[in-house]
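Containing mmCIF, C-alpha atoms: data_16.cif.
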```cif
data_data
#
loop_
_atom_site.label_atom_id
_atom_site.label_comp_id
_atom_site.auth_asym_id
_atom_site.auth_seq_id
_atom_site.Cartn_x
_atom_site.Cartn_y
_atom_site.Cartn_z
CA ALA O 10 89.86 -154.07 -81.29
CA LYS O 11 90.93 -150.59 -82.39
CA PRO O 12 93.87 -149.24 -80.36
CA PRO O 13 93.03 -146.35 -77.99
CA ILE O 14 93.51 -142.77 -79.14
CA VAL O 15 96.93 -141.75 -77.91
CA ASN O 16 98.37 -138.29 -77.39
CA SER O 17 101.58 -138.65 -79.42
CA ASP O 18 103.22 -135.77 -77.57
CA THR O 19 102.98 -137.36 -74.14
CA GLY O 20 102.53 -140.99 -75.12
CA SER O 21 99.40 -141.27 -72.98
CA PRO O 22 95.85 -142.11 -74.11
CA THR O 23 93.18 -139.44 -74.01
CA ASP O 24 90.37 -141.79 -72.94
CA PRO O 25 90.48 -142.34 -69.12
CA GLN O 26 89.29 -145.93 -69.41
CA ALA O 27 91.92 -146.70 -72.03
CA LYS O 28 94.50 -144.99 -69.85
CA ARG O 29 93.75 -147.34 -66.97
CA LYS O 30 94.06 -150.29 -69.31
CA LEU O 31 97.42 -149.14 -70.67
CA ASN O 32 98.78 -148.74 -67.13
CA ARG O 33 98.53 -152.50 -66.82
CA PRO O 34 101.31 -154.67 -68.24
CA MET O 35 100.74 -155.29 -71.95
CA SER O 36 101.33 -158.54 -73.69
CA PRO O 37 104.00 -158.63 -76.43
CA ALA O 38 101.29 -159.04 -79.07
CA ALA O 39 99.39 -155.99 -77.77
CA GLU O 40 102.59 -153.94 -77.76
CA ARG O 41 103.29 -154.89 -81.37
CA ASP O 42 99.74 -153.98 -82.40
CA LEU O 43 99.96 -150.60 -80.68
CA LEU O 44 103.35 -149.78 -82.17
CA SER O 45 102.28 -150.81 -85.65
CA TRP O 46 99.17 -148.64 -85.34
CA LEU O 47 101.22 -145.62 -84.23
CA LYS O 48 103.71 -146.24 -87.03
CA LYS O 49 100.87 -146.27 -89.55
CA LEU O 50 99.66 -142.90 -88.26
CA LEU O 51 103.19 -141.53 -88.65
CA ASP O 52 103.60 -142.97 -92.14
CA ASP O 53 100.30 -141.38 -93.19
CA CYS O 54 101.66 -137.94 -92.22
CA LYS O 55 104.98 -138.18 -94.06
CA PRO O 56 104.00 -137.80 -97.76
CA ALA O 57 102.14 -134.51 -97.27
CA ARG O 58 105.18 -132.92 -95.62
CA VAL O 59 107.64 -133.59 -98.46
CA PRO O 60 107.12 -130.27 -100.34
CA PHE O 61 107.65 -128.34 -97.11
CA GLU O 62 110.80 -130.32 -96.31
CA ARG O 63 112.34 -129.40 -99.66
CA GLN O 64 111.82 -125.72 -98.90
CA TRP O 65 113.18 -126.09 -95.35
CA TYR O 66 116.40 -127.68 -96.60
CA LEU O 67 116.74 -124.98 -99.23
CA ASN O 68 116.27 -122.25 -96.62
CA LEU O 69 118.93 -123.76 -94.36
CA ALA O 70 121.31 -124.13 -97.30
CA PHE O 71 120.92 -120.44 -98.15
CA TYR O 72 121.48 -119.53 -94.50
CA GLY O 73 124.69 -121.57 -94.54
CA GLY O 74 125.98 -119.79 -97.67
CA LYS O 75 125.11 -122.47 -100.23
CA GLN O 76 123.41 -120.14 -102.69
CA TYR O 77 123.80 -122.30 -105.81
CA VAL O 78 122.22 -125.53 -104.62
CA GLN O 79 119.38 -127.13 -106.54
CA TRP O 80 117.11 -130.10 -106.06
CA ILE O 81 118.30 -132.73 -108.54
CA THR O 82 116.07 -135.74 -109.16
CA SER O 83 117.57 -139.09 -110.01
CA GLN O 84 117.01 -140.56 -113.47
CA SER O 85 114.66 -143.14 -112.02
CA GLY O 86 112.72 -140.40 -110.24
CA ASN O 87 112.75 -142.30 -106.96
CA TYR O 88 114.62 -139.68 -104.93
CA SER O 89 116.00 -136.13 -105.03
CA ARG O 90 119.16 -134.60 -103.62
CA LEU O 91 120.15 -131.03 -102.82
CA LEU O 92 123.40 -130.48 -104.74
CA GLU O 93 125.44 -127.81 -106.42
CA PRO O 94 125.50 -128.56 -110.17
CA ASP O 95 128.92 -128.95 -111.77
CA VAL O 96 130.14 -125.90 -113.66
CA PRO O 97 133.29 -125.16 -115.68
CA ALA O 98 136.38 -124.48 -113.63
CA TRP O 99 136.69 -120.95 -115.00
CA ARG O 100 133.28 -119.89 -113.70
CA VAL O 101 133.42 -117.87 -110.47
CA ARG O 102 130.66 -118.45 -107.97
CA ALA O 103 130.67 -115.39 -105.75
CA VAL O 104 128.49 -115.62 -102.66
CA ILE O 105 127.32 -112.66 -100.61
CA ASN O 106 125.28 -114.22 -97.84
CA LYS O 107 122.56 -111.65 -97.20
CA THR O 108 120.22 -114.38 -95.98
CA ARG O 109 122.18 -114.94 -92.78
CA ALA O 110 122.29 -111.19 -92.08
CA MET O 111 118.53 -110.91 -92.61
CA VAL O 112 117.83 -113.87 -90.32
CA ARG O 113 120.04 -112.47 -87.56
CA THR O 114 118.47 -109.02 -87.88
CA GLU O 115 114.95 -110.41 -87.67
CA LEU O 116 115.92 -112.65 -84.76
CA SER O 117 117.40 -109.71 -82.87
CA LYS O 118 114.22 -107.69 -83.36
CA ILE O 119 111.83 -110.32 -82.03
CA THR O 120 114.07 -111.26 -79.08
CA LYS O 121 114.98 -107.70 -78.12
CA GLU O 122 112.38 -107.60 -75.35
CA ARG O 123 112.14 -110.45 -72.89
CA PRO O 124 108.62 -111.99 -72.79
CA ARG O 125 107.01 -111.86 -69.40
CA GLY O 126 103.97 -113.49 -67.88
CA TYR O 127 101.85 -112.17 -65.06
CA VAL O 128 99.73 -113.89 -62.44
CA ILE O 129 96.50 -111.94 -61.95
CA PRO O 130 94.90 -112.17 -58.49
CA SER O 131 91.39 -113.63 -58.52
CA SER O 132 90.16 -110.91 -56.19
CA SER O 133 91.29 -107.80 -54.33
CA ASP O 134 91.85 -109.70 -51.10
CA ASP O 135 95.30 -109.42 -49.58
CA GLU O 136 95.65 -113.21 -49.63
CA ASP O 137 94.97 -113.42 -53.39
CA ILE O 138 97.29 -110.50 -54.13
CA THR O 139 100.08 -112.14 -52.11
CA ALA O 140 99.51 -115.46 -53.90
CA ALA O 141 99.70 -113.70 -57.28
CA ARG O 142 103.00 -112.05 -56.32
CA ALA O 143 104.33 -115.43 -55.23
CA GLY O 144 103.28 -116.86 -58.60
CA ASP O 145 105.17 -114.07 -60.39
CA SER O 146 108.29 -114.88 -58.39
CA ILE O 147 107.98 -118.59 -59.15
CA LEU O 148 107.58 -117.89 -62.87
CA GLU O 149 110.64 -115.63 -62.94
CA HIS O 150 112.64 -118.28 -61.08
CA ILE O 151 111.63 -121.01 -63.56
CA GLN O 152 112.48 -118.81 -66.55
CA ARG O 153 115.87 -117.98 -65.09
CA GLU O 154 116.69 -121.54 -63.99
CA LYS O 155 115.60 -123.11 -67.28
CA GLN O 156 117.33 -120.43 -69.38
CA PHE O 157 114.06 -119.69 -71.11
CA GLN O 158 115.48 -116.83 -73.17
CA ARG O 159 118.07 -119.15 -74.77
CA ILE O 160 115.42 -121.79 -75.50
CA LEU O 161 113.11 -119.15 -76.96
CA ARG O 162 115.85 -117.86 -79.23
CA ARG O 163 116.55 -121.35 -80.55
CA ALA O 164 112.85 -121.92 -81.24
CA LEU O 165 112.53 -118.54 -82.95
CA PHE O 166 115.50 -119.38 -85.18
CA TRP O 167 113.41 -122.18 -86.68
CA THR O 168 110.47 -119.78 -86.97
CA VAL O 169 112.51 -117.24 -88.93
CA THR O 170 114.26 -119.74 -91.21
CA MET O 171 111.47 -122.26 -91.78
CA GLY O 172 108.24 -120.49 -90.85
CA SER O 173 107.39 -122.44 -87.69
CA GLY O 174 109.08 -123.11 -84.38
CA PHE O 175 107.84 -124.78 -81.21
CA ILE O 176 108.70 -125.04 -77.53
CA LYS O 177 107.75 -128.28 -75.85
CA ASP O 178 107.14 -128.24 -72.10
CA TRP O 179 106.35 -131.16 -69.84
CA TYR O 180 106.80 -132.42 -66.30
CA ASP O 181 109.21 -135.30 -65.69
CA PRO O 182 108.48 -136.99 -62.35
CA PHE O 183 111.73 -138.97 -62.48
CA ARG O 184 114.15 -136.14 -63.27
CA MET O 185 115.94 -134.41 -60.39
CA ASP O 186 115.52 -130.65 -60.11
CA SER O 187 118.28 -128.22 -59.13
CA GLN O 188 117.67 -128.99 -55.43
CA GLY O 189 117.97 -132.74 -55.91
CA VAL O 190 114.24 -133.35 -55.49
CA PRO O 191 112.50 -135.81 -57.87
CA GLY O 192 110.25 -134.09 -60.39
CA ASP O 193 111.22 -131.27 -62.71
CA ILE O 194 109.75 -128.97 -65.37
CA CYS O 195 111.37 -129.52 -68.78
CA LEU O 196 111.57 -127.19 -71.78
CA GLU O 197 112.86 -128.03 -75.24
CA PRO O 198 112.92 -126.18 -78.59
CA VAL O 199 111.54 -128.37 -81.36
CA SER O 200 112.14 -127.90 -85.09
CA CYS O 201 109.70 -128.72 -87.86
CA PHE O 202 111.83 -131.69 -88.89
CA ASN O 203 110.78 -133.54 -85.73
CA LEU O 204 107.03 -132.97 -85.99
CA TRP O 205 104.39 -134.62 -88.16
CA PHE O 206 100.79 -133.38 -88.41
CA PRO O 207 97.89 -135.12 -90.18
CA ASP O 208 96.07 -131.94 -91.25
CA LEU O 209 98.41 -129.37 -92.81
CA MET O 210 95.53 -126.99 -93.53
CA GLU O 211 94.86 -126.56 -89.79
CA GLU O 212 97.00 -123.75 -88.35
CA GLU O 213 96.32 -124.39 -84.67
CA VAL O 214 98.20 -127.29 -83.08
CA GLU O 215 95.47 -127.71 -80.46
CA ASN O 216 92.94 -128.47 -83.20
CA GLN O 217 94.95 -131.31 -84.72
CA PRO O 218 93.48 -134.79 -84.09
CA TYR O 219 96.98 -135.94 -83.14
CA PHE O 220 100.62 -135.25 -83.97
CA HIS O 221 103.94 -137.00 -83.66
CA HIS O 222 107.14 -135.71 -82.10
CA ALA O 223 109.94 -138.06 -83.09
#
```
Represent the structure contained in this file as structure tokens.
Amino acid sequence: AKPPIVNSDTGSPTDPQAKRKLNRPMSPAAERDLLSWLKKLLDDCKPARVPFERQWYLNLAFYGGKQYVQWITSQSGNYSRLLEPDVPAWRVRAVINKTRAMVRTELSKITKERPRGYVIPSSSDDEDITAARAGDSILEHIQREKQFQRILRRALFWTVTMGSGFIKDWYDPFRMDSQGVPGDICLEPVSCFNLWFPDLMEEEVENQPYFHHA
């Protein structure tokens, strides 16, 4: 039987009936089949991302001041490495790292104003208005407690240097919050190196059939 469609981000199936089945203990053979199927999906996504990876590594090298690096392919053509070609000892390789200054300038511009969210009351009733104000306070508390501005800056660094950056959010029922109560909201900046998508022509993540975060 074909394994159930699984949301790779949360590790849970999207079909309710399949979800109930996966909540039951799986046999070792079923676990192997599921893992091999997920690995095949991941392997199918890897080749299409190679040209983008080469550019990402080159961008990071320029940001780090390695302005003379080149992709050098082995004689067999099986692999490539990002290296600085050998040059005569008398040749001076001066480096003025304008890339880092440009990245920091752009990052400062887009993080200058703190993003804010608002809870809009569903009606003009006093009860709904009070609930909306309480929602605003809860949101500000979560942003402050989770250091959202720092996480956003780290995600935007990947956006500026590589073109795309992501923030992953999820609820962990087993993690203790700041009050020692089980269950906590988690936030994490994710770089492009840790994500694989099957359709690189689709710009919206929500429209992807699946994706892997590994």
Note to self: I'd like to see the residues matched by the PyMOL selection byres ((chain O and resi 130) around 12) on this file, and ideally I'd get them as a ChimeraX atom specification.
What the structure shows: /O:127-129,131-145
Item checked: Expansion of the PyMOL selection byres ((chain O and resi 116) around 8) into residues, as a list in words ->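 Given this file, the PyMOL selection byres ((chain O and resi 116) around 8) evaluates to Val112, Arg113, Thr114, Glu115, Ser117, Lys118, Ile119, Thr120, Arg162, Leu165, Phe166 and Val169 of chain O.
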Next item on the list: Mind giving me the straight-line distance from atom CA of O:Asp178 to atom CA of O:Asp42 in Å, one decimal?
Entry: 28.7 Å
Next item on the list: Rounded to one decimal place, report the atom CA of O:Leu148-atom CA of O:Gly126 distance in Å.
Entry: 7.6 Å
Notebook entry, point to check: What do you get, as a VMD selection string, if you spell out every residue that the PyMOL selection byres ((chain O and resi 66-81) around 6) selects here?
Noted result: chain O and resid 63 to 65 82 89 to 93 106 108 to 109
Next item on the list: Quick one: everything within 8 Å of O:Trp179, counting all atoms listed in the file, minus sequence neighbours fewer than 6 positions away in the same chain. Send it as an MDAnalysis selection string.
Entry: chainID O and resid 194:196
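Computed from the coordinates, the atom CA of O:Phe175 to atom CA of O:Ala223 distance equals 13.6 Å.
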Margin query: I need the residue nearest O:Ser187 from this list: O:Ser85, O:Glu211, O:Lys155, O:His221. Use all atoms listed in the file for the distance.
Written below: O:Lys155
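Shell of O:Leu209 at 12 Å, with all atoms listed in the file counted and residues fewer than 2 places along the chain excluded, is Cys54, Lys55, Pro56, Ala57, Arg58, Val59, Pro60, Phe61, Leu204, Trp205, Phe206, Pro207, Glu211, Glu212, Glu213, Val214, Asn216, Gln217, Pro218, Tyr219 and Phe220 of chain O.
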Checklist line | Neighbour list for O:Ser173 as a ChimeraX atom specification, cut-off 10 Å, all atoms listed in the file, skip fewer than 5 positions in-chain | finding: /O:164-168,199-201
Notebook entry, point to check: For O:Asp193, which residue among O:Arg102, O:Met210, O:Ile151, O:Ala39 is the nearest when counting all atoms listed in the file?
Noted result: O:Ile151
